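Asks: Pasting in a structure now, in structure tokens, and then I'll have a few things to ask.
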Amino acid sequence: MAAVSSINPAHVPVEISRANQHDVRIRWQDGHVGVYPARYLRLRCACAECVHEFTGEALLKPSAVPVDVHPARIEAVGRYAVQIRWSDGHSTGIYSFDRLRLICPCETCLPTAGA
Amino acid sequence: MADPVTESAVLDALRKIEDPDLHQDIVTLGFVKNIKIDGGAVSFTIEMTTPACPVRERFNSEAREFVSNIPGVTAVDVQMTSQVRPTRADQKNQLIPGVRNVVPVASGKGGVGKSTVSANLAIALSQMGARVGLMDADIYGPSIPMILGVKEGPKVTDQNRIIPPVEHGVKIVSMGFFVQENEAVIWRGPMLMQMITQFLGDVEWGELDYLIVDLPPGTGDVQLTLCQKIPLTGAVIVSTPQDVALKVAQKAVVLFQKLKCPILGLIENMSYFVCRHCNEREELFGNGGARRAAVDLDIPFLGEIPLATEIRTASDDGLPLVISEPESPYAKAFQHIAENMAAQVSVQNMSGAGQVNITF
Ligand SMILES: Nc1ncnc2c1ncn2[C@@H]1O[C@H](COP(=O)(O)OP(=O)(O)OP(=O)(O)O)[C@@H](O)[C@H]1O
Ligand SMILES: [Mg+2]
Ligand SMILES: [Zn+2]
Ligand SMILES: [Zn+2]
């Protein structure tokens, strides 16, 4: 019987944990592990407050983001994404697993990691 | 005198029985419980993952046969029970804590028979002994109350909890209970989201093995909200056999996969016509369109339902066929699909897929 293998296993995380005090570590179903510096993730928030919905223009000013910004809480959104509540109070950003994998900053992924 | 019968001999014998969906033997799967050996008399329990198990009888007879073949065994007593596994045991489902599995029924386009299928599946599962709820989430055209002949609305407790009416053993809640038909059309995004969340959370579902959700057609806000608010076990997609319909069904499949909601499988409705005089099958749109589409999409094919006036009139009368004519070929089609769906639910829950562990 066919399994639901059309879901790309590379884009399904198994574990989301702390790499250190502030940074996020994601272990994926295909075995890949990526560590996301907290501020790197915050600056890549794609919510309507941070990125213009139609033009795609960046609305978030990096200078306005505290240097030590970090996730206060990470929660699952259904089966496809997480919502991150940031120490600076921002909480509208939803990070889909597909996108998290795309922006993995590890040495292997970095050359292709999107904005 | 023969050697005494040992527990490991019994387990070895039972290891020969393989679950066709989970691809493992029933001992490894942990289905075998309560082994008692008293001289030559052996008794044990086989706990399946669903009461709607198509191989229940086979397991039972094979278990008897294999165990009685062990030298020294004089009597075998097999108890068959079931315990439906919940989706994501690791993550609390706070909105509907007693509900083990949520299965949305979706389609690419309207009128393909989602509501008819949802209603008959829900009742078929309940007839097999499962605890079942049916939520009519089609805010634009709720039709479950009519199909099931629901006569009274829900009761609301002093604490504002909604007690769903029970019809044919199934707990039923419909958007139609709460919303005027022309009112819902203007709802979008956040408002809809709030409505559905409330709708889910305020209902006193109690303990359910399966909550079937009849969705509006297409891929809109209701689908998105459900995927965000509760861990769905997997979606069932209904399509008719025409090429166009199957193309649209594919869109629905893609949407659910994007939201990482697994697909339990594809159902083909109105797929063939049974001549009432000679009982011959007549293919209306060529044979096996949805079956092939399921293979192409790499999702399970759950079965096909014939086009039959009886199915429509039963719905119009508020008495689905699985109730009024449980022995008819139409009812059998629904029962067969219910078993396949329950098997796929078990596959999802035993595979551990999609269980992300968040510790932050
Ligand atoms: N297998 C069948 N044979 C004959 N008639 C059927 C069959 N399945 C559904 N119907 C009839 O087709 C019509 C549409 O079915 P139904 O309401 O279940 O579809 P739906 O997908 O829920 O539609 P909507 O998109 O409007 O919610 C109904 O009149 C129903 O009785
Ligand atoms: Mg409908
Ligand atoms: Zn943001
Ligand atoms: Zn990487």
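Order determines the names: the first chain of the structure tokens is A, the second B, and so forth; residues in each chain are numbered 1 upward, and ligands are numbered 1 upward as they are shown.
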Counting only C-alpha atoms and all ligand atoms, what residues are within 7 Å of ligand 2, given as a JSON list (two decimals) with all heavy atoms, in the first residue's frame?
Replies:
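Writing the result to selection_26.json gives the following:
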```json
[["chain", "number", "residue", "atom", "x", "y", "z"],
["B", 111, "GLY", "N", -20.27, 19.32, -4.88],
["B", 111, "GLY", "CA", -21.24, 18.38, -5.42],
["B", 111, "GLY", "C", -20.75, 16.99, -5.75],
["B", 111, "GLY", "O", -21.45, 16.21, -6.38],
["B", 113, "GLY", "N", -20.11, 14.69, -3.55],
["B", 113, "GLY", "CA", -20.64, 13.72, -2.60],
["B", 113, "GLY", "C", -19.93, 13.67, -1.26],
["B", 113, "GLY", "O", -20.05, 12.70, -0.52],
["B", 114, "LYS", "N", -19.21, 14.75, -0.92],
["B", 114, "LYS", "CA", -18.52, 14.80, 0.39],
["B", 114, "LYS", "C", -19.45, 14.52, 1.55],
["B", 114, "LYS", "O", -19.15, 13.72, 2.43],
["B", 114, "LYS", "CB", -17.93, 16.20, 0.64],
["B", 114, "LYS", "CG", -16.63, 16.50, 0.03],
["B", 114, "LYS", "CD", -16.21, 17.92, 0.40],
["B", 114, "LYS", "CE", -17.27, 18.97, 0.11],
["B", 114, "LYS", "NZ", -17.74, 19.04, -1.26],
["B", 115, "SER", "N", -20.59, 15.23, 1.55],
["B", 115, "SER", "CA", -21.49, 15.13, 2.70],
["B", 115, "SER", "C", -22.11, 13.74, 2.77],
["B", 115, "SER", "O", -22.22, 13.15, 3.85],
["B", 115, "SER", "CB", -22.58, 16.20, 2.61],
["B", 115, "SER", "OG", -21.97, 17.48, 2.53],
["B", 138, "ASP", "N", -19.20, 22.77, 6.78],
["B", 138, "ASP", "CA", -19.54, 23.47, 5.55],
["B", 138, "ASP", "C", -20.44, 24.65, 5.89],
["B", 138, "ASP", "O", -21.66, 24.56, 5.86],
["B", 138, "ASP", "CB", -20.24, 22.53, 4.57],
["B", 138, "ASP", "CG", -20.40, 23.17, 3.20],
["B", 138, "ASP", "OD1", -20.19, 24.40, 3.11],
["B", 138, "ASP", "OD2", -20.70, 22.45, 2.24],
["B", 141, "GLY", "N", -22.92, 25.75, 3.07],
["B", 141, "GLY", "CA", -24.08, 24.93, 2.70],
["B", 141, "GLY", "C", -24.17, 23.69, 3.56],
["B", 141, "GLY", "O", -23.98, 22.58, 3.09],
["B", 142, "PRO", "N", -24.43, 23.90, 4.88],
["B", 142, "PRO", "CA", -24.47, 22.73, 5.77],
["B", 142, "PRO", "C", -25.60, 21.77, 5.38],
["B", 142, "PRO", "O", -26.73, 22.20, 5.23],
["B", 142, "PRO", "CB", -24.73, 23.36, 7.15],
["B", 142, "PRO", "CG", -25.26, 24.73, 6.89],
["B", 142, "PRO", "CD", -24.75, 25.16, 5.56],
["B", 143, "SER", "N", -25.28, 20.50, 5.17],
["B", 143, "SER", "CA", -26.32, 19.59, 4.72],
["B", 143, "SER", "C", -26.41, 18.32, 5.56],
["B", 143, "SER", "O", -27.28, 17.49, 5.36],
["B", 143, "SER", "CB", -26.08, 19.21, 3.26],
["B", 143, "SER", "OG", -24.78, 18.69, 3.09],
["B", 214, "ASP", "N", -16.94, 17.22, 7.71],
["B", 214, "ASP", "CA", -17.41, 17.48, 6.35],
["B", 214, "ASP", "C", -17.05, 18.92, 5.99],
["B", 214, "ASP", "O", -17.56, 19.86, 6.60],
["B", 214, "ASP", "CB", -18.93, 17.26, 6.30],
["B", 214, "ASP", "CG", -19.50, 17.50, 4.90],
["B", 214, "ASP", "OD1", -18.73, 17.46, 3.92],
["B", 214, "ASP", "OD2", -20.71, 17.74, 4.79],
["B", 216, "PRO", "N", -16.38, 22.39, 3.44],
["B", 216, "PRO", "CA", -16.90, 23.00, 2.22],
["B", 216, "PRO", "C", -15.98, 22.62, 1.05],
["B", 216, "PRO", "O", -14.83, 22.24, 1.29],
["B", 216, "PRO", "CB", -16.84, 24.50, 2.51],
["B", 216, "PRO", "CG", -15.97, 24.68, 3.71],
["B", 216, "PRO", "CD", -15.89, 23.37, 4.40]]
```
Asks: So which residues are near ligand 3, meaning at most 9 Å away with only C-alpha atoms and all ligand atoms counted, given back as a list in words?
Replies: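 The residues within 9 Å of ligand 3, counting only C-alpha atoms and all ligand atoms, are Arg42, Leu43, Arg44, Cys45, Ala46, Cys47, Ala48, Glu49, Cys50, Val51, Leu60, His90, Ser91, Thr92, Gly93 and Ile94 of chain A.
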Asks: Would you put the residues from that selection into a file with N, CA, C and O atoms, as an mmCIF file, in the first residue's frame?
Replies:
```
data_model
loop_
_atom_site.group_PDB
_atom_site.id
_atom_site.type_symbol
_atom_site.label_atom_id
_atom_site.label_comp_id
_atom_site.auth_asym_id
_atom_site.auth_seq_id
_atom_site.Cartn_x
_atom_site.Cartn_y
_atom_site.Cartn_z
ATOM 1 N N ARG A 42 14.995 35.915 13.569
ATOM 2 C CA ARG A 42 14.106 37.055 13.805
ATOM 3 C C ARG A 42 14.086 37.967 12.577
ATOM 4 O O ARG A 42 13.033 38.440 12.154
ATOM 5 N N LEU A 43 15.261 38.179 11.969
ATOM 6 C CA LEU A 43 15.356 39.078 10.821
ATOM 7 C C LEU A 43 14.700 38.479 9.587
ATOM 8 O O LEU A 43 14.428 39.175 8.616
ATOM 9 N N ARG A 44 14.481 37.183 9.604
ATOM 10 C CA ARG A 44 13.834 36.535 8.464
ATOM 11 C C ARG A 44 12.345 36.292 8.674
ATOM 12 O O ARG A 44 11.729 35.521 7.959
ATOM 13 N N CYS A 45 11.760 36.934 9.671
ATOM 14 C CA CYS A 45 10.319 36.820 9.873
ATOM 15 C C CYS A 45 9.608 37.324 8.621
ATOM 16 O O CYS A 45 9.954 38.369 8.088
ATOM 17 N N ALA A 46 8.645 36.562 8.149
ATOM 18 C CA ALA A 46 7.975 36.914 6.894
ATOM 19 C C ALA A 46 6.530 37.361 7.118
ATOM 20 O O ALA A 46 5.714 37.351 6.204
ATOM 21 N N CYS A 47 6.204 37.755 8.361
ATOM 22 C CA CYS A 47 4.813 38.135 8.636
ATOM 23 C C CYS A 47 4.498 39.485 7.995
ATOM 24 O O CYS A 47 5.381 40.185 7.531
ATOM 25 N N ALA A 48 3.209 39.833 7.997
ATOM 26 C CA ALA A 48 2.767 41.041 7.295
ATOM 27 C C ALA A 48 3.342 42.315 7.916
ATOM 28 O O ALA A 48 3.451 43.348 7.257
ATOM 29 N N GLU A 49 3.741 42.253 9.200
ATOM 30 C CA GLU A 49 4.354 43.425 9.824
ATOM 31 C C GLU A 49 5.803 43.605 9.377
ATOM 32 O O GLU A 49 6.334 44.699 9.385
ATOM 33 N N CYS A 50 6.440 42.509 9.049
ATOM 34 C CA CYS A 50 7.869 42.555 8.734
ATOM 35 C C CYS A 50 8.149 42.633 7.233
ATOM 36 O O CYS A 50 9.169 43.169 6.808
ATOM 37 N N VAL A 51 7.242 42.052 6.430
ATOM 38 C CA VAL A 51 7.423 42.085 4.987
ATOM 39 C C VAL A 51 6.109 42.530 4.356
ATOM 40 O O VAL A 51 5.039 42.026 4.713
ATOM 41 N N LEU A 60 10.764 45.522 8.190
ATOM 42 C CA LEU A 60 11.478 45.414 9.457
ATOM 43 C C LEU A 60 12.869 46.031 9.322
ATOM 44 O O LEU A 60 13.628 45.666 8.421
ATOM 45 N N HIS A 90 7.473 40.497 19.585
ATOM 46 C CA HIS A 90 6.906 40.162 18.284
ATOM 47 C C HIS A 90 6.466 38.698 18.270
ATOM 48 O O HIS A 90 7.191 37.829 18.722
ATOM 49 N N SER A 91 5.233 38.447 17.747
ATOM 50 C CA SER A 91 4.778 37.047 17.793
ATOM 51 C C SER A 91 3.897 36.656 16.617
ATOM 52 O O SER A 91 3.256 35.620 16.629
ATOM 53 N N THR A 92 3.877 37.483 15.583
ATOM 54 C CA THR A 92 2.964 37.186 14.475
ATOM 55 C C THR A 92 3.597 36.322 13.389
ATOM 56 O O THR A 92 2.952 35.952 12.423
ATOM 57 N N GLY A 93 4.866 36.017 13.567
ATOM 58 C CA GLY A 93 5.554 35.283 12.504
ATOM 59 C C GLY A 93 5.315 33.784 12.550
ATOM 60 O O GLY A 93 5.475 33.152 13.582
ATOM 61 N N ILE A 94 4.902 33.225 11.421
ATOM 62 C CA ILE A 94 4.772 31.772 11.297
ATOM 63 C C ILE A 94 5.856 31.282 10.338
ATOM 64 O O ILE A 94 5.990 31.786 9.231
#
```
Asks: I need the residue nearest ligand 4 from this list: A:Ala58, A:Tyr80, A:Tyr36, A:Pro66. Use only C-alpha atoms and all ligand atoms for the distance.
Replies: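 Closest to ligand 4 of all the choices is A:Tyr36.
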Asks: In region 110-158 of chain B, what's helix (DSSP H, G or I) per DSSP? Answer as a VMD selection string?
Replies: chain B and resid 114 to 127 144 to 147
Asks: Give me, as JSON lines, each residue of chain A that comes within 12 Å of ligand 4, together with its shortest interatomic pair and the distance in Å at one decimal, counting only C-alpha atoms and all ligand atoms, with rows ordered by chain and rising residue number.
Replies:
```
{"residue": "A:Ala10", "atom": "CA", "partner": "ligand 4", "partner_atom_place_in_ligand_line": "1 (Zn)", "distance": 10.4}
{"residue": "A:His11", "atom": "CA", "partner": "ligand 4", "partner_atom_place_in_ligand_line": "1 (Zn)", "distance": 11.2}
{"residue": "A:Arg25", "atom": "CA", "partner": "ligand 4", "partner_atom_place_in_ligand_line": "1 (Zn)", "distance": 10.6}
{"residue": "A:Ile26", "atom": "CA", "partner": "ligand 4", "partner_atom_place_in_ligand_line": "1 (Zn)", "distance": 9.3}
{"residue": "A:Arg27", "atom": "CA", "partner": "ligand 4", "partner_atom_place_in_ligand_line": "1 (Zn)", "distance": 9.6}
{"residue": "A:Trp28", "atom": "CA", "partner": "ligand 4", "partner_atom_place_in_ligand_line": "1 (Zn)", "distance": 9.5}
{"residue": "A:Asp30", "atom": "CA", "partner": "ligand 4", "partner_atom_place_in_ligand_line": "1 (Zn)", "distance": 11.2}
{"residue": "A:Gly31", "atom": "CA", "partner": "ligand 4", "partner_atom_place_in_ligand_line": "1 (Zn)", "distance": 10.3}
{"residue": "A:His32", "atom": "CA", "partner": "ligand 4", "partner_atom_place_in_ligand_line": "1 (Zn)", "distance": 6.6}
{"residue": "A:Val33", "atom": "CA", "partner": "ligand 4", "partner_atom_place_in_ligand_line": "1 (Zn)", "distance": 6.3}
{"residue": "A:Gly34", "atom": "CA", "partner": "ligand 4", "partner_atom_place_in_ligand_line": "1 (Zn)", "distance": 4.8}
{"residue": "A:Val35", "atom": "CA", "partner": "ligand 4", "partner_atom_place_in_ligand_line": "1 (Zn)", "distance": 7.9}
{"residue": "A:Tyr36", "atom": "CA", "partner": "ligand 4", "partner_atom_place_in_ligand_line": "1 (Zn)", "distance": 9.4}
{"residue": "A:Arg99", "atom": "CA", "partner": "ligand 4", "partner_atom_place_in_ligand_line": "1 (Zn)", "distance": 11.9}
{"residue": "A:Leu100", "atom": "CA", "partner": "ligand 4", "partner_atom_place_in_ligand_line": "1 (Zn)", "distance": 9.5}
{"residue": "A:Arg101", "atom": "CA", "partner": "ligand 4", "partner_atom_place_in_ligand_line": "1 (Zn)", "distance": 7.0}
{"residue": "A:Leu102", "atom": "CA", "partner": "ligand 4", "partner_atom_place_in_ligand_line": "1 (Zn)", "distance": 8.2}
{"residue": "A:Ile103", "atom": "CA", "partner": "ligand 4", "partner_atom_place_in_ligand_line": "1 (Zn)", "distance": 7.9}
{"residue": "A:Cys104", "atom": "CA", "partner": "ligand 4", "partner_atom_place_in_ligand_line": "1 (Zn)", "distance": 4.5}
{"residue": "A:Pro105", "atom": "CA", "partner": "ligand 4", "partner_atom_place_in_ligand_line": "1 (Zn)", "distance": 5.8}
{"residue": "A:Cys106", "atom": "CA", "partner": "ligand 4", "partner_atom_place_in_ligand_line": "1 (Zn)", "distance": 4.3}
{"residue": "A:Glu107", "atom": "CA", "partner": "ligand 4", "partner_atom_place_in_ligand_line": "1 (Zn)", "distance": 6.6}
{"residue": "A:Thr108", "atom": "CA", "partner": "ligand 4", "partner_atom_place_in_ligand_line": "1 (Zn)", "distance": 5.6}
{"residue": "A:Cys109", "atom": "CA", "partner": "ligand 4", "partner_atom_place_in_ligand_line": "1 (Zn)", "distance": 4.3}
{"residue": "A:Leu110", "atom": "CA", "partner": "ligand 4", "partner_atom_place_in_ligand_line": "1 (Zn)", "distance": 6.9}
{"residue": "A:Pro111", "atom": "CA", "partner": "ligand 4", "partner_atom_place_in_ligand_line": "1 (Zn)", "distance": 9.9}
{"residue": "A:Thr112", "atom": "CA", "partner": "ligand 4", "partner_atom_place_in_ligand_line": "1 (Zn)", "distance": 9.6}
{"residue": "A:Ala113", "atom": "CA", "partner": "ligand 4", "partner_atom_place_in_ligand_line": "1 (Zn)", "distance": 8.5}
{"residue": "A:Gly114", "atom": "CA", "partner": "ligand 4", "partner_atom_place_in_ligand_line": "1 (Zn)", "distance": 11.9}
```
Asks: Take the residues from that selection and put them in a file with C-alpha atoms, as a PDB file, in the first residue's frame.
Replies:
```pdb
ATOM      1  CA  ALA A  10      13.608  16.585   4.196  1.00  0.00           C
ATOM      2  CA  HIS A  11      11.072  19.230   5.146  1.00  0.00           C
ATOM      3  CA  ARG A  25      18.547  23.694  16.667  1.00  0.00           C
ATOM      4  CA  ILE A  26      16.431  21.697  14.229  1.00  0.00           C
ATOM      5  CA  ARG A  27      16.885  18.014  13.498  1.00  0.00           C
ATOM      6  CA  TRP A  28      15.118  16.906  10.321  1.00  0.00           C
ATOM      7  CA  ASP A  30      16.323  12.964   6.773  1.00  0.00           C
ATOM      8  CA  GLY A  31      18.938  13.295   9.513  1.00  0.00           C
ATOM      9  CA  HIS A  32      20.069  16.820   8.655  1.00  0.00           C
ATOM     10  CA  VAL A  33      20.749  19.154  11.593  1.00  0.00           C
ATOM     11  CA  GLY A  34      20.791  22.942  11.366  1.00  0.00           C
ATOM     12  CA  VAL A  35      21.506  25.597  13.980  1.00  0.00           C
ATOM     13  CA  TYR A  36      19.715  28.927  13.487  1.00  0.00           C
ATOM     14  CA  ARG A  99      10.872  27.714   4.611  1.00  0.00           C
ATOM     15  CA  LEU A 100      12.939  26.847   7.685  1.00  0.00           C
ATOM     16  CA  ARG A 101      14.696  24.164   5.698  1.00  0.00           C
ATOM     17  CA  LEU A 102      15.215  26.597   2.827  1.00  0.00           C
ATOM     18  CA  ILE A 103      16.941  29.133   5.082  1.00  0.00           C
ATOM     19  CA  CYS A 104      19.057  26.623   6.999  1.00  0.00           C
ATOM     20  CA  PRO A 105      22.317  28.514   7.606  1.00  0.00           C
ATOM     21  CA  CYS A 106      24.594  25.500   7.947  1.00  0.00           C
ATOM     22  CA  GLU A 107      27.671  25.244   5.762  1.00  0.00           C
ATOM     23  CA  THR A 108      26.091  22.735   3.414  1.00  0.00           C
ATOM     24  CA  CYS A 109      22.870  24.671   2.889  1.00  0.00           C
ATOM     25  CA  LEU A 110      24.137  28.241   3.184  1.00  0.00           C
ATOM     26  CA  PRO A 111      25.126  28.729  -0.475  1.00  0.00           C
ATOM     27  CA  THR A 112      21.505  28.077  -1.457  1.00  0.00           C
ATOM     28  CA  ALA A 113      19.820  29.522   1.631  1.00  0.00           C
ATOM     29  CA  GLY A 114      17.249  32.114   0.493  1.00  0.00           C
TER      30      GLY A 114
END
```
Asks: Counting only C-alpha atoms, which residues from chain B have an atom at most 7 Å from any atom of chain A, and could you show them as a list in words?
Replies: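 So the contacting residues turn out to be Cys227, Gln228, Lys229, Ile230, Pro231, Gln257, Leu259, Lys260, Cys261, Pro262, Ile263, Asp298, Ile299, Pro300, Gly354, Gln355, Val356, Asn357, Ile358, Thr359 and Phe360 of chain B.
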Asks: Take the selection from the previous step and output its residues with all heavy atoms, as a compact mmCIF listing (two decimals), in the first residue's frame.
Replies:
```
# COMPACT_ATOMS: atom_id res chain seq x y z
N CYS B 227 -6.33 23.01 9.87
CA CYS B 227 -4.95 22.52 9.86
C CYS B 227 -4.11 23.23 10.90
O CYS B 227 -3.16 22.67 11.44
CB CYS B 227 -4.31 22.70 8.48
SG CYS B 227 -4.92 21.52 7.27
N GLN B 228 -4.45 24.49 11.19
CA GLN B 228 -3.66 25.25 12.16
C GLN B 228 -4.08 24.98 13.59
O GLN B 228 -3.27 25.03 14.50
CB GLN B 228 -3.79 26.76 11.88
CG GLN B 228 -3.15 27.16 10.58
CD GLN B 228 -3.20 28.66 10.36
OE1 GLN B 228 -3.95 29.37 11.03
NE2 GLN B 228 -2.41 29.14 9.42
N LYS B 229 -5.37 24.71 13.78
CA LYS B 229 -5.89 24.67 15.14
C LYS B 229 -5.80 23.30 15.81
O LYS B 229 -5.70 23.22 17.03
CB LYS B 229 -7.36 25.13 15.15
CG LYS B 229 -7.51 26.62 14.97
CD LYS B 229 -6.88 27.36 16.13
CE LYS B 229 -6.72 28.83 15.80
NZ LYS B 229 -5.94 29.54 16.80
N ILE B 230 -5.91 22.25 15.03
CA ILE B 230 -5.86 20.93 15.66
C ILE B 230 -4.99 19.99 14.83
O ILE B 230 -4.90 20.14 13.62
CB ILE B 230 -7.28 20.29 15.81
CG1 ILE B 230 -8.09 20.52 14.54
CG2 ILE B 230 -8.01 20.84 17.00
CD1 ILE B 230 -9.45 19.87 14.59
N PRO B 231 -4.33 19.06 15.51
CA PRO B 231 -3.55 18.09 14.74
C PRO B 231 -4.48 17.12 14.02
O PRO B 231 -5.15 16.32 14.66
CB PRO B 231 -2.72 17.36 15.82
CG PRO B 231 -3.23 17.80 17.13
CD PRO B 231 -4.25 18.87 16.96
N GLN B 257 -1.06 18.65 1.68
CA GLN B 257 0.35 18.26 1.84
C GLN B 257 1.21 19.47 2.19
O GLN B 257 2.14 19.36 2.97
CB GLN B 257 0.85 17.56 0.58
CG GLN B 257 0.25 16.16 0.49
CD GLN B 257 0.69 15.39 -0.73
OE1 GLN B 257 1.12 15.99 -1.71
NE2 GLN B 257 0.59 14.09 -0.68
N LEU B 259 0.27 21.91 3.96
CA LEU B 259 0.02 22.17 5.37
C LEU B 259 0.47 20.99 6.22
O LEU B 259 0.19 20.93 7.42
CB LEU B 259 -1.46 22.45 5.60
CG LEU B 259 -2.02 23.66 4.86
CD1 LEU B 259 -3.52 23.77 5.04
CD2 LEU B 259 -1.34 24.95 5.33
N LYS B 260 1.15 20.05 5.59
CA LYS B 260 1.69 18.87 6.26
C LYS B 260 0.61 18.03 6.93
O LYS B 260 0.87 17.33 7.90
CB LYS B 260 2.77 19.26 7.29
CG LYS B 260 4.00 19.93 6.68
CD LYS B 260 4.95 18.93 6.06
CE LYS B 260 6.28 19.56 5.65
NZ LYS B 260 6.25 20.19 4.31
N CYS B 261 -0.61 18.14 6.42
CA CYS B 261 -1.66 17.23 6.87
C CYS B 261 -1.59 16.00 5.98
O CYS B 261 -1.71 16.12 4.77
CB CYS B 261 -3.03 17.89 6.76
SG CYS B 261 -4.42 16.76 7.02
N PRO B 262 -1.37 14.83 6.56
CA PRO B 262 -1.26 13.63 5.72
C PRO B 262 -2.56 13.37 4.94
O PRO B 262 -3.62 13.86 5.33
CB PRO B 262 -1.03 12.51 6.73
CG PRO B 262 -0.61 13.18 7.98
CD PRO B 262 -1.22 14.54 7.97
N ILE B 263 -2.48 12.63 3.88
CA ILE B 263 -3.66 12.23 3.13
C ILE B 263 -3.92 10.75 3.41
O ILE B 263 -3.05 9.92 3.19
CB ILE B 263 -3.42 12.41 1.61
CG1 ILE B 263 -2.93 13.82 1.28
CG2 ILE B 263 -4.68 12.06 0.84
CD1 ILE B 263 -3.97 14.88 1.41
N ASP B 298 0.63 9.03 -5.40
CA ASP B 298 1.26 8.26 -4.33
C ASP B 298 0.47 8.35 -3.03
O ASP B 298 1.02 8.56 -1.95
CB ASP B 298 2.70 8.75 -4.12
CG ASP B 298 3.50 7.74 -3.31
OD1 ASP B 298 3.04 6.59 -3.17
OD2 ASP B 298 4.58 8.10 -2.80
N ILE B 299 -0.85 8.22 -3.15
CA ILE B 299 -1.69 8.16 -1.95
C ILE B 299 -2.57 6.90 -2.04
O ILE B 299 -2.82 6.42 -3.13
CB ILE B 299 -2.59 9.42 -1.80
CG1 ILE B 299 -3.51 9.57 -3.01
CG2 ILE B 299 -1.75 10.66 -1.61
CD1 ILE B 299 -4.45 10.75 -2.90
N PRO B 300 -3.02 6.38 -0.89
CA PRO B 300 -3.84 5.17 -0.93
C PRO B 300 -5.18 5.40 -1.61
O PRO B 300 -5.75 6.49 -1.53
CB PRO B 300 -4.04 4.84 0.56
CG PRO B 300 -2.94 5.55 1.27
CD PRO B 300 -2.68 6.79 0.48
N GLY B 354 5.38 13.04 11.43
CA GLY B 354 4.85 14.34 11.77
C GLY B 354 4.82 14.63 13.26
O GLY B 354 4.10 15.48 13.71
N GLN B 355 5.60 13.87 14.04
CA GLN B 355 5.60 14.14 15.47
C GLN B 355 6.84 14.94 15.83
O GLN B 355 7.82 14.38 16.29
CB GLN B 355 5.60 12.83 16.25
CG GLN B 355 4.44 11.94 15.87
CD GLN B 355 4.07 10.99 16.97
OE1 GLN B 355 4.81 10.82 17.92
NE2 GLN B 355 2.93 10.36 16.85
N VAL B 356 6.76 16.23 15.62
CA VAL B 356 7.91 17.05 15.96
C VAL B 356 7.90 17.33 17.46
O VAL B 356 6.88 17.64 18.05
CB VAL B 356 7.95 18.35 15.13
CG1 VAL B 356 6.65 19.11 15.26
CG2 VAL B 356 9.12 19.21 15.56
N ASN B 357 9.06 17.16 18.03
CA ASN B 357 9.20 17.35 19.47
C ASN B 357 9.84 18.71 19.72
O ASN B 357 11.00 18.93 19.39
CB ASN B 357 10.08 16.21 20.01
CG ASN B 357 10.21 16.27 21.50
OD1 ASN B 357 9.39 16.90 22.17
ND2 ASN B 357 11.24 15.63 22.02
N ILE B 358 9.06 19.64 20.27
CA ILE B 358 9.57 20.99 20.48
C ILE B 358 9.92 21.20 21.94
O ILE B 358 9.07 21.05 22.81
CB ILE B 358 8.54 22.06 20.02
CG1 ILE B 358 8.19 21.84 18.55
CG2 ILE B 358 9.10 23.46 20.24
CD1 ILE B 358 7.17 22.81 18.01
N THR B 359 11.17 21.53 22.20
CA THR B 359 11.58 21.84 23.57
C THR B 359 12.29 23.16 23.53
O THR B 359 13.51 23.23 23.44
CB THR B 359 12.54 20.76 24.11
OG1 THR B 359 13.62 20.59 23.17
CG2 THR B 359 11.86 19.43 24.31
N PHE B 360 11.56 24.23 23.53
CA PHE B 360 12.17 25.56 23.54
C PHE B 360 11.30 26.47 24.36
O PHE B 360 10.11 26.47 24.19
CB PHE B 360 12.28 26.12 22.12
CG PHE B 360 13.38 27.15 22.00
CD1 PHE B 360 14.59 26.85 21.38
CD2 PHE B 360 13.21 28.42 22.55
CE1 PHE B 360 15.60 27.79 21.29
CE2 PHE B 360 14.23 29.36 22.46
CZ PHE B 360 15.42 29.05 21.83
```
Asks: Show me which residues are within 8 Å of ligand 1 counting only C-alpha atoms and all ligand atoms, and format the list as number ranges by chain.
Replies: B: 107, 109-118, 138, 141-143, 214-217, 238, 269-271, 305-316
Asks: Would you list, as a PyMOL selection string, the residues of chain A that end up in strand (DSSP E or B) under DSSP run on this structure's backbone?
Replies: chain A and resi 13-18+24-28+33-36+51+58+71-77+81-86+94-96
Asks: Write a file of the just-selected residues containing C-alpha atoms, as a compact mmCIF listing (two decimals), in the first residue's frame.
Replies:
```txt
# COMPACT_ATOMS: atom_id res chain seq x y z
CA PRO A 13 11.46 18.30 11.48
CA VAL A 14 11.77 15.64 14.15
CA GLU A 15 13.06 17.84 16.93
CA ILE A 16 13.27 21.56 17.61
CA SER A 17 15.43 22.38 20.60
CA ARG A 18 17.99 24.79 22.08
CA VAL A 24 17.53 27.17 17.71
CA ARG A 25 18.55 23.69 16.67
CA ILE A 26 16.43 21.70 14.23
CA ARG A 27 16.89 18.01 13.50
CA TRP A 28 15.12 16.91 10.32
CA VAL A 33 20.75 19.15 11.59
CA GLY A 34 20.79 22.94 11.37
CA VAL A 35 21.51 25.60 13.98
CA TYR A 36 19.71 28.93 13.49
CA VAL A 51 7.42 42.09 4.99
CA ALA A 58 11.19 44.63 3.86
CA PRO A 71 12.70 33.16 21.04
CA ALA A 72 10.72 33.21 24.28
CA ARG A 73 8.57 30.33 23.09
CA ILE A 74 8.21 28.13 20.05
CA GLU A 75 4.87 26.45 19.35
CA ALA A 76 3.63 24.10 16.67
CA VAL A 77 1.16 25.42 14.12
CA ALA A 81 4.90 25.28 10.76
CA VAL A 82 5.95 26.84 14.06
CA GLN A 83 5.05 30.17 15.59
CA ILE A 84 7.83 31.96 17.42
CA ARG A 85 7.17 34.42 20.27
CA TRP A 86 10.20 36.69 20.44
CA ILE A 94 4.77 31.77 11.30
CA TYR A 95 7.75 29.82 9.98
CA SER A 96 6.73 26.93 7.75
```
